[in-house]
>>> print(open('work_35.txt').read())   # compact mmCIF, C-alpha atoms
# COMPACT_ATOMS: atom_id res chain seq x y z
CA MET A 46 61.09 -2.71 67.45
CA GLU A 47 61.99 -3.79 63.92
CA ASN A 48 60.78 -1.58 61.10
CA LYS A 49 59.27 -3.45 58.16
CA ILE A 50 60.24 -2.03 54.76
CA LYS A 51 57.79 -2.72 51.94
CA ASN A 52 59.15 -4.31 48.81
CA PRO A 53 58.81 -1.63 46.03
CA VAL A 54 58.25 -4.34 43.39
CA VAL A 55 55.36 -5.86 45.33
CA ASN A 56 53.92 -2.40 45.98
CA GLU A 57 53.96 -1.58 42.24
CA GLN A 58 52.25 -4.90 41.45
CA GLU A 59 49.46 -4.05 43.91
CA ARG A 60 48.96 -0.64 42.29
CA ALA A 61 48.88 -2.24 38.81
CA ALA A 62 46.27 -4.75 39.98
CA GLN A 63 44.22 -1.94 41.47
CA ARG A 64 44.37 -0.01 38.17
CA LYS A 65 43.21 -3.13 36.29
CA ARG A 66 40.25 -3.49 38.66
CA GLN A 67 39.35 0.16 38.13
CA ILE A 68 39.62 -0.17 34.33
CA ARG A 69 37.49 -3.34 34.44
CA SER A 70 34.87 -1.53 36.51
CA TRP A 71 34.83 1.37 34.05
CA LEU A 72 34.51 -1.00 31.09
CA ILE A 73 31.60 -2.79 32.78
CA LEU A 74 29.94 0.57 33.49
CA LEU A 75 30.45 1.75 29.91
CA GLY A 76 29.10 -1.57 28.65
CA CYS A 77 26.00 -1.17 30.76
CA ILE A 78 25.53 2.39 29.50
CA GLY A 79 25.96 1.22 25.90
CA ALA A 80 23.49 -1.62 26.39
CA ALA A 81 21.00 0.77 27.95
CA ALA A 82 21.45 3.17 25.05
CA LEU A 83 20.86 0.32 22.61
CA VAL A 84 17.73 -0.72 24.47
CA MET A 85 16.50 2.87 24.49
CA SER A 86 17.26 3.12 20.77
CA LEU A 87 15.30 -0.05 20.08
CA ILE A 88 12.49 1.22 22.28
CA SER A 89 12.41 4.44 20.25
CA PHE A 90 12.16 2.35 17.10
CA PHE A 91 9.51 0.04 18.45
CA THR A 92 7.37 2.39 20.50
CA THR A 93 3.93 3.20 19.23
CA SER A 94 2.24 6.53 19.80
CA GLY A 95 -0.54 4.82 21.69
CA SER A 96 -2.74 4.32 18.64
CA SER A 97 -3.70 0.93 17.26
CA ILE A 98 -4.09 0.05 13.61
CA THR A 99 -6.46 -2.32 11.86
CA ALA A 100 -6.21 -4.56 8.81
CA THR A 101 -9.12 -5.38 6.49
CA SER A 102 -9.06 -8.08 3.83
CA LEU A 103 -10.03 -6.80 0.37
CA PRO A 104 -11.88 -8.94 -2.22
CA CYS A 105 -9.07 -8.91 -4.80
CA TYR A 106 -5.73 -10.58 -5.46
CA ALA A 107 -2.29 -9.12 -6.00
CA HIS A 108 -2.08 -10.22 -9.65
CA GLN A 109 -5.24 -8.28 -10.61
CA ASP A 110 -3.54 -4.93 -11.31
CA VAL A 111 -4.51 -3.62 -7.88
CA THR A 112 -4.04 0.17 -7.79
CA ALA A 113 -4.65 2.65 -4.97
CA PHE A 114 -7.28 5.19 -6.06
CA GLN A 115 -8.88 7.89 -3.96
CA ASP A 116 -10.41 6.19 -0.85
CA GLY A 117 -9.84 2.59 -1.96
CA VAL A 118 -8.43 0.47 -4.76
CA LEU A 119 -9.18 -0.47 -8.34
CA PHE A 120 -8.64 -3.97 -9.66
CA TYR A 121 -9.25 -5.79 -12.95
CA ASP A 122 -10.51 -9.37 -12.89
CA GLY A 123 -10.20 -10.04 -16.62
CA ALA A 124 -13.72 -8.85 -17.43
CA SER A 125 -14.48 -5.72 -15.39
CA ILE A 126 -12.75 -3.02 -13.39
CA HIS A 127 -14.02 -2.82 -9.82
CA PHE A 128 -13.63 -0.11 -7.19
CA VAL A 129 -13.35 -1.36 -3.59
CA ASN A 130 -13.42 0.96 -0.58
CA ALA A 131 -10.99 0.52 2.32
CA GLY A 132 -13.66 -1.36 4.25
CA GLY A 133 -13.76 -4.11 1.63
CA GLY A 134 -17.03 -3.18 -0.10
CA ILE A 135 -17.30 -3.07 -3.88
CA GLU A 136 -18.85 0.33 -4.73
CA TRP A 137 -19.00 0.02 -8.51
CA SER A 138 -17.93 -2.15 -11.45
CA TYR A 139 -17.36 -1.26 -15.10
CA PRO A 140 -17.25 -4.00 -17.78
CA VAL A 141 -14.24 -3.67 -20.12
CA GLY A 142 -13.80 -7.18 -21.55
CA ASP A 143 -10.70 -9.29 -21.96
CA GLY A 144 -7.13 -7.99 -22.35
CA ALA A 145 -7.70 -4.51 -20.92
CA SER A 146 -5.23 -2.17 -19.23
CA PHE A 147 -5.86 1.02 -17.29
CA HIS A 148 -4.17 4.12 -15.90
CA VAL A 149 -5.40 6.52 -13.21
CA SER A 150 -5.05 10.17 -12.21
CA GLU A 151 -6.37 11.77 -9.03
CA THR A 152 -9.90 11.84 -10.43
CA HIS A 153 -10.24 9.63 -13.53
CA ILE A 154 -9.45 6.26 -15.07
CA ILE A 155 -8.61 5.56 -18.70
CA VAL A 156 -9.08 2.00 -19.99
CA TRP A 157 -7.97 0.50 -23.29
CA ALA A 158 -8.11 -2.88 -25.03
CA GLY A 159 -7.15 -3.26 -28.68
CA THR A 160 -8.67 -0.18 -30.34
CA GLN A 161 -11.36 0.38 -27.70
CA LEU A 162 -10.99 3.31 -25.29
CA ALA A 163 -13.03 4.39 -22.28
CA ILE A 164 -12.71 7.33 -19.87
CA ILE A 165 -14.33 6.78 -16.46
CA ASP A 166 -14.80 9.14 -13.52
CA ALA A 167 -14.33 8.34 -9.83
CA ASN A 168 -17.94 7.14 -9.53
CA GLY A 169 -17.62 4.56 -12.29
CA ARG A 170 -19.49 6.62 -14.88
CA SER A 171 -18.14 6.68 -18.42
CA SER A 172 -17.81 10.05 -20.17
CA TYR A 173 -16.40 8.46 -23.34
CA ASN A 174 -16.39 4.94 -24.77
CA SER A 175 -15.44 4.44 -28.40
CA ALA A 176 -12.87 2.91 -30.74
CA MET A 177 -9.71 4.51 -32.11
CA ASP A 178 -8.62 4.10 -35.73
CA SER A 179 -5.67 1.86 -34.84
CA THR A 180 -4.42 -0.32 -32.02
CA ILE A 181 -3.67 1.51 -28.78
CA GLN A 182 -0.16 1.00 -27.40
CA PHE A 183 -0.96 2.67 -24.08
CA ALA A 184 -2.83 5.68 -22.67
CA ARG A 185 -2.39 8.17 -19.85
CA ILE A 186 -4.97 10.25 -18.01
CA GLY A 187 -4.56 13.61 -16.25
CA ARG A 188 -6.97 15.91 -14.49
CA LYS A 189 -8.43 17.41 -17.67
CA HIS A 190 -6.87 15.62 -20.62
CA ALA A 191 -6.09 12.11 -21.88
CA ALA A 192 -3.17 11.03 -24.10
CA ILE A 193 -3.52 7.96 -26.31
CA VAL A 194 -0.52 6.44 -28.10
CA THR A 195 -1.51 4.46 -31.20
CA GLY A 196 0.20 2.87 -34.20
CA THR A 197 3.36 0.80 -34.42
CA GLU A 198 6.45 1.25 -32.29
CA LEU A 199 8.36 3.32 -34.87
CA GLU A 200 5.32 5.06 -36.34
CA ALA A 201 3.42 6.21 -33.30
CA THR A 202 0.85 8.98 -32.98
CA VAL A 203 -0.10 10.65 -29.70
CA TYR A 204 -3.70 11.92 -29.57
CA VAL A 205 -4.88 14.34 -26.90
CA LYS A 206 -8.56 14.28 -25.88
CA ASP A 207 -10.65 15.98 -23.26
CA MET A 208 -12.67 14.01 -20.74
CA GLN A 209 -15.62 13.74 -23.13
CA GLY A 210 -13.41 12.26 -25.84
CA ALA A 211 -13.24 15.31 -28.09
CA GLN A 212 -9.89 15.47 -29.88
CA ILE A 213 -7.83 18.53 -28.97
CA ASP A 214 -4.45 17.78 -30.50
CA PHE A 215 -2.24 15.09 -31.98
CA GLU A 216 1.50 14.69 -32.53
CA THR A 217 3.36 12.48 -34.98
CA ALA A 218 6.17 14.52 -36.57
CA GLN A 219 8.23 14.79 -33.39
CA LEU A 220 7.92 11.03 -32.84
CA ASP A 221 9.03 9.80 -36.27
CA GLY A 222 11.45 6.90 -35.82
CA MET A 223 10.94 6.99 -32.07
CA VAL A 224 9.72 4.36 -29.62
CA VAL A 225 7.38 6.22 -27.26
CA LEU A 226 8.17 5.10 -23.71
CA ASP A 227 5.77 7.23 -21.67
CA CYS A 228 3.88 10.52 -21.59
CA GLY A 229 1.94 12.68 -19.17
CA PHE A 230 0.44 16.07 -18.40
CA TYR A 231 1.63 18.90 -16.19
CA GLY A 232 0.83 22.47 -15.27
CA ASP A 233 -1.91 23.94 -13.11
CA SER A 234 -4.63 22.80 -15.53
CA ASP A 235 -2.89 20.11 -17.58
CA GLN A 236 -2.05 22.70 -20.23
CA TYR A 237 1.29 21.04 -21.00
CA MET A 238 2.25 17.51 -22.02
CA TRP A 239 5.55 15.65 -22.06
CA THR A 240 6.62 12.59 -24.01
CA LEU A 241 9.63 10.39 -23.36
CA SER A 242 10.84 8.42 -26.36
CA TYR A 243 13.81 6.36 -27.48
CA ASP A 244 15.61 7.21 -30.75
CA PHE A 245 15.82 3.83 -32.45
CA TYR A 246 18.15 5.02 -35.21
CA ALA A 247 20.65 6.95 -33.08
CA PRO A 248 24.22 5.52 -33.09
CA VAL A 249 24.30 5.68 -29.26
CA VAL A 250 21.64 5.23 -26.61
CA THR A 251 19.54 8.38 -26.89
CA SER A 252 16.29 9.27 -25.18
CA ILE A 253 14.30 12.38 -26.07
CA LEU A 254 12.12 14.44 -23.75
CA ASN A 255 9.61 16.54 -25.74
CA THR A 256 7.35 19.13 -24.13
CA PHE A 257 4.15 20.45 -25.72
CA GLN A 258 1.58 23.10 -25.01
CA VAL A 259 -1.69 21.25 -25.48
CA GLY A 260 -3.50 22.39 -28.62
CA GLN A 261 -0.70 24.67 -29.79
CA MET A 262 2.89 23.68 -30.38
CA ASN A 263 6.02 21.80 -29.37
CA THR A 264 7.66 23.96 -26.71
CA GLY A 265 10.96 22.15 -26.20
CA THR A 266 13.21 19.15 -26.77
CA ALA A 267 15.88 17.75 -24.46
CA THR A 268 18.27 14.94 -25.40
CA LEU A 269 19.37 12.44 -22.77
CA THR A 270 22.40 10.36 -23.76
CA SER A 271 24.38 7.67 -21.93
CA TYR A 272 21.95 7.31 -19.03
CA LEU A 273 18.64 5.51 -19.43
CA PRO A 274 15.63 7.41 -18.05
CA SER A 275 13.47 5.50 -15.59
CA LYS A 276 10.86 7.98 -14.39
CA VAL A 277 9.40 11.41 -15.19
CA ILE A 278 7.36 13.32 -12.61
CA TYR A 279 6.12 16.89 -12.27
CA VAL A 280 7.02 18.27 -8.84
CA GLY A 281 7.25 21.86 -7.68
CA ASP A 282 6.68 23.47 -11.14
CA ARG A 283 9.52 21.44 -12.64
CA LEU A 284 9.72 18.25 -14.68
CA HIS A 285 12.03 15.79 -12.93
CA VAL A 286 13.66 13.11 -15.09
CA PHE A 287 15.32 10.22 -13.29
CA THR A 288 18.12 8.34 -15.03
CA THR A 289 20.42 5.63 -13.73
CA GLN A 290 22.94 8.32 -12.79
CA GLN A 291 21.40 11.76 -12.41
CA LEU A 292 18.15 13.55 -11.66
CA TYR A 293 17.57 16.32 -14.21
CA THR A 294 15.01 19.11 -13.90
CA TYR A 295 13.38 21.11 -16.71
CA ASP A 296 10.97 24.00 -16.93
CA TYR A 297 7.72 23.85 -18.90
CA ARG A 298 9.58 24.63 -22.16
CA GLY A 299 12.03 21.76 -21.73
CA VAL A 300 14.93 24.03 -20.73
CA GLU A 301 17.18 22.35 -18.19
CA ASP A 302 17.60 23.89 -14.76
CA THR A 303 21.26 23.01 -14.18
CA THR A 304 21.05 24.02 -10.52
CA GLY A 305 18.52 21.23 -9.98
CA LYS A 306 20.78 18.39 -11.13
CA THR A 307 21.20 15.77 -8.38
CA LEU A 308 23.31 12.61 -8.24
CA VAL A 309 20.98 9.64 -7.71
CA TYR A 310 23.30 6.79 -8.71
CA GLY A 311 22.41 3.79 -6.53
CA TRP A 312 18.93 5.15 -5.72
CA ARG A 313 15.50 4.52 -7.23
CA TYR A 314 12.31 6.53 -7.17
CA MET A 315 9.67 5.40 -4.67
CA ASP A 316 7.13 8.17 -4.16
CA HIS A 317 6.67 11.93 -4.00
CA ASP A 318 4.43 14.40 -2.25
CA THR A 319 3.32 17.81 -3.52
CA PRO A 320 1.37 19.67 -0.84
CA LYS A 321 -0.91 22.61 -1.63
CA ARG A 322 1.44 24.69 0.47
CA GLY A 323 5.03 24.03 1.40
CA THR A 324 7.89 22.14 -0.18
CA SER A 325 7.51 19.18 -2.53
CA ARG A 326 9.56 16.13 -1.62
CA ILE A 327 10.76 13.00 -3.43
CA LEU A 328 11.30 9.66 -1.69
CA LEU A 329 14.09 7.33 -2.86
CA ALA A 330 15.34 3.88 -1.84
CA PRO A 331 18.62 2.10 -2.64
CA THR A 332 18.72 0.13 -5.90
CA GLY A 333 21.19 -2.45 -4.65
CA GLN A 334 19.31 -3.90 -1.69
CA GLY A 335 17.93 -7.02 -3.35
CA SER A 336 16.01 -7.72 -6.55
CA SER A 337 12.83 -8.20 -4.52
CA GLY A 338 12.83 -4.52 -3.58
CA VAL A 339 13.74 -5.04 0.09
CA MET A 340 15.21 -1.89 1.62
CA ASN A 341 16.70 -0.79 4.94
CA GLU A 342 17.38 2.84 4.08
CA LEU A 343 15.41 5.78 2.64
CA ARG A 344 16.33 9.17 1.23
CA VAL A 345 14.21 12.31 0.91
CA ILE A 346 15.26 15.13 -1.42
CA SER A 347 13.78 18.51 -2.32
CA SER A 348 15.13 21.81 -3.59
CA ASN A 349 17.12 22.51 -0.42
CA PHE A 350 16.87 19.25 1.53
CA ASP A 351 18.65 15.90 1.23
CA GLN A 352 18.43 13.47 4.16
CA ARG A 353 18.88 9.73 4.65
CA TYR A 354 16.98 7.52 7.09
CA HIS A 355 17.96 4.11 8.45
CA LEU A 356 15.01 1.77 8.90
CA PRO A 357 14.81 -0.47 12.00
CA THR A 358 14.50 -3.65 9.87
CA ASP A 359 14.29 -4.63 6.21
CA CYS A 360 11.16 -3.30 4.52
CA VAL A 361 9.27 -4.17 1.33
CA GLY A 362 7.83 -0.73 0.57
CA ALA A 363 7.68 2.91 1.63
CA ALA A 364 5.68 6.08 1.00
CA ILE A 365 5.67 9.78 1.84
CA GLN A 366 2.57 11.81 2.63
CA GLY A 367 2.96 15.39 3.80
CA GLU A 368 5.44 15.44 6.69
CA SER A 369 5.05 11.69 7.33
CA LEU A 370 7.16 8.76 6.19
CA TYR A 371 5.85 5.18 6.19
CA ALA A 372 7.75 1.95 5.66
CA PHE A 373 6.45 -1.62 5.76
CA SER A 374 8.28 -4.71 6.96
CA SER A 375 6.95 -8.25 7.16
CA GLN A 376 5.27 -7.53 10.51
CA TYR A 377 5.46 -3.81 11.26
CA MET A 378 4.45 -0.46 9.84
CA TYR A 379 7.08 2.15 10.69
CA SER A 380 5.96 5.76 10.85
CA GLY A 381 8.16 8.81 11.18
CA LYS A 382 8.53 12.47 10.29
CA VAL A 383 10.64 13.95 7.51
CA ASN A 384 12.57 16.14 9.97
CA SER A 385 13.22 13.35 12.46
CA ALA A 386 15.39 10.22 12.46
CA ARG A 387 13.03 8.31 14.77
CA PHE A 388 10.54 5.70 13.57
CA TYR A 389 7.65 4.30 15.60
CA ALA A 390 6.65 0.67 15.04
CA HIS A 391 3.04 -0.49 14.78
CA GLN A 392 2.42 -4.19 14.47
CA ILE A 393 0.28 -5.02 11.43
CA PRO A 394 -2.52 -7.30 12.69
CA LEU A 395 -2.80 -9.82 9.86
CA ALA A 396 -4.60 -13.04 10.84
CA ASP A 397 -2.99 -16.48 11.11
CA ASP A 398 0.59 -15.15 11.27
CA ARG A 399 0.45 -13.81 7.72
CA GLN A 400 3.35 -11.56 6.76
CA VAL A 401 3.46 -8.50 4.55
CA THR A 402 5.24 -9.30 1.27
CA GLY A 403 4.50 -6.15 -0.75
CA PHE A 404 3.18 -2.61 -0.68
CA ILE A 405 0.88 -1.02 -3.30
CA GLY A 406 0.20 2.52 -2.10
CA LEU A 407 -1.70 4.88 0.19
CA THR A 408 -5.34 5.92 -0.11
CA ASN A 409 -6.59 9.47 0.40
CA ASN A 410 -8.44 8.57 3.59
CA GLY A 411 -5.62 7.15 5.69
CA TYR A 412 -5.03 3.54 4.63
CA ALA A 413 -2.04 1.65 3.31
CA ILE A 414 -2.68 -1.11 0.77
CA VAL A 415 -0.37 -4.06 1.45
CA VAL A 416 0.02 -7.56 0.05
CA SER A 417 0.50 -10.86 1.84
CA ASN A 418 1.50 -13.29 -0.90
CA SER A 419 -1.62 -13.11 -3.12
CA GLU A 420 -3.97 -11.50 -0.58
CA VAL A 421 -4.56 -7.74 -0.37
CA PHE A 422 -5.27 -5.78 2.84
CA ALA A 423 -6.15 -2.21 3.77
CA VAL A 424 -4.20 -1.22 6.90
CA SER A 425 -5.16 1.96 8.74
CA LEU A 426 -2.40 4.52 9.22
CA PRO A 427 -1.60 5.54 12.80
CA ARG A 428 -3.29 8.72 13.97
>>> encode(input="work_35.txt", output="structure tokens")
Amino acid sequence: MENKIKNPVVNEQERAAQRKRQIRSWLILLGCIGAAALVMSLISFFTTSGSSITATSLPCYAHQDVTAFQDGVLFYDGASIHFVNAGGGIEWSYPVGDGASFHVSETHIIVWAGTQLAIIDANGRSSYNSAMDSTIQFARIGRKHAAIVTGTELEATVYVKDMQGAQIDFETAQLDGMVVLDCGFYGDSDQYMWTLSYDFYAPVVTSILNTFQVGQMNTGTATLTSYLPSKVIYVGDRLHVFTTQQLYTYDYRGVEDTTGKTLVYGWRYMDHDTPKRGTSRILLAPTGQGSSGVMNELRVISSNFDQRYHLPTDCVGAAIQGESLYAFSSQYMYSGKVNSARFYAHQIPLADDRQVTGFIGLTNNGYAIVVSNSEVFAVSLPR
């Protein structure tokens, strides 16, 4: 019987074809695993915690200086300031006339128009309503004190009053030749004040941070050159000054804490949270993701924490409250935790296919204030 000898070339071709089939099978399997992982990732992004949210239309419009305040919002209709609760009911109104502006703290509102000044509590009751000696540039309110900036741009005076309008202090010498940009109070009982001003006569761009002990003296001065300041906040017993390049921190005397310097180039301030206990945190978003403020990434920083978060889709606003992060897209509210990279999606139930176009802030009682073109809505946060 004749023995058949296999051709080695043909045999090698068969083995090569078999290897190709095995590789193709592995690639298909890996592709399926990758697709499943992607699906699971999307599911993790778009899975709710089983809770539903509601949306309530509020009787105000986006152009009316709508501001989140306590359990609702304030808005100014050109004649009066109104407080609306999250259910849409107007609880009180305070007439202020034409051309008014206002600023809020946790508990009070300060309103100014021309030389007229009013301090209002959370129930709409005025504790002070009178005229200043000169035109008011702007005013700021804290928990116990109010600061009123009057005069011309290069000859400004900052007056400090209590909630009944009694004058406690004033400052003009430190502001000579300065354009006052902003001011505010800090400390456990508003016992300190800061001012941020621009030195008009300096040969280079120079901003000055002054700190004061209310009713006593100037406690410190810090000079910021090269980088324009954009925001000053008091977080974790330190003043934080945001510039276009760096975040600087100062103590109550205006002495810089060099260990607290953080690079924030390419990031902008969004929100911060200071709990009664625990670590204070600051929320940032990229500056370069569109002039409209659209973002797809967030960053949270604190004294020993710096983490970035990728959002499932483009969002128009974000906030931090305690351990929770919230971001708002055109159709969804995304909720997550500071120590987790996972976001849960909750569809925002706006009628007639309306889409969210802006975010104003969070209330104290668990609502987000969002905008759909000119309309304003209170959306409940997920429980």
>>> residues_around(input="work_35.txt", residues="Ser348 (chain A)", least_positions_apart="5", cutoff="10 Å", atoms="all atoms listed in the file", output="number ranges by chain")
A: 281, 304-305, 307, 324-327
>>> write_last_selection(input="work_35.txt", atoms="C-alpha atoms", output="short mmCIF file (atom, residue, chain, number, x, y, z; two decimals), in the coordinates of the input")
data_model
loop_
_atom_site.label_atom_id
_atom_site.label_comp_id
_atom_site.auth_asym_id
_atom_site.auth_seq_id
_atom_site.Cartn_x
_atom_site.Cartn_y
_atom_site.Cartn_z
CA GLY A 281 7.25 21.86 -7.68
CA THR A 304 21.05 24.02 -10.52
CA GLY A 305 18.52 21.23 -9.98
CA THR A 307 21.20 15.77 -8.38
CA THR A 324 7.89 22.14 -0.18
CA SER A 325 7.51 19.18 -2.53
CA ARG A 326 9.56 16.13 -1.62
CA ILE A 327 10.76 13.00 -3.43
#
>>> closest_residue(input="work_35.txt", among="A:Ala167, A:Met340, A:Val416, A:Ile155", to="Val111 (chain A)", atoms="all atoms listed in the file")
A:Val416
>>> closest_residue(input="work_35.txt", among="A:Leu308, A:Ala107, A:Ile164, A:Val345", to="Arg185 (chain A)", atoms="all atoms listed in the file")
A:Ile164
>>> atom_distance(input="work_35.txt", atom1="CA of Thr408 (chain A)", atom2="CA of Ala184 (chain A)")
22.7 Å
>>> closest_residue(input="work_35.txt", among="A:Asp296, A:Gln109, A:Ser275, A:Val118", to="Ala413 (chain A)", atoms="only C-alpha atoms")
A:Val118
>>> closest_residue(input="work_35.txt", among="A:Ser102, A:Gln209, A:Ser172, A:Ser150", to="Val129 (chain A)", atoms="only C-alpha atoms")
A:Ser102
>>> residues_near_point(input="work_35.txt", point="(3.2, 2.7, 10.4)", cutoff="7 Å", atoms="only C-alpha atoms", output="list in words")
Tyr371, Ala372, Tyr377, Met378, Tyr379, Ser380, Ala390, His391, Leu426 and Pro427 of chain A
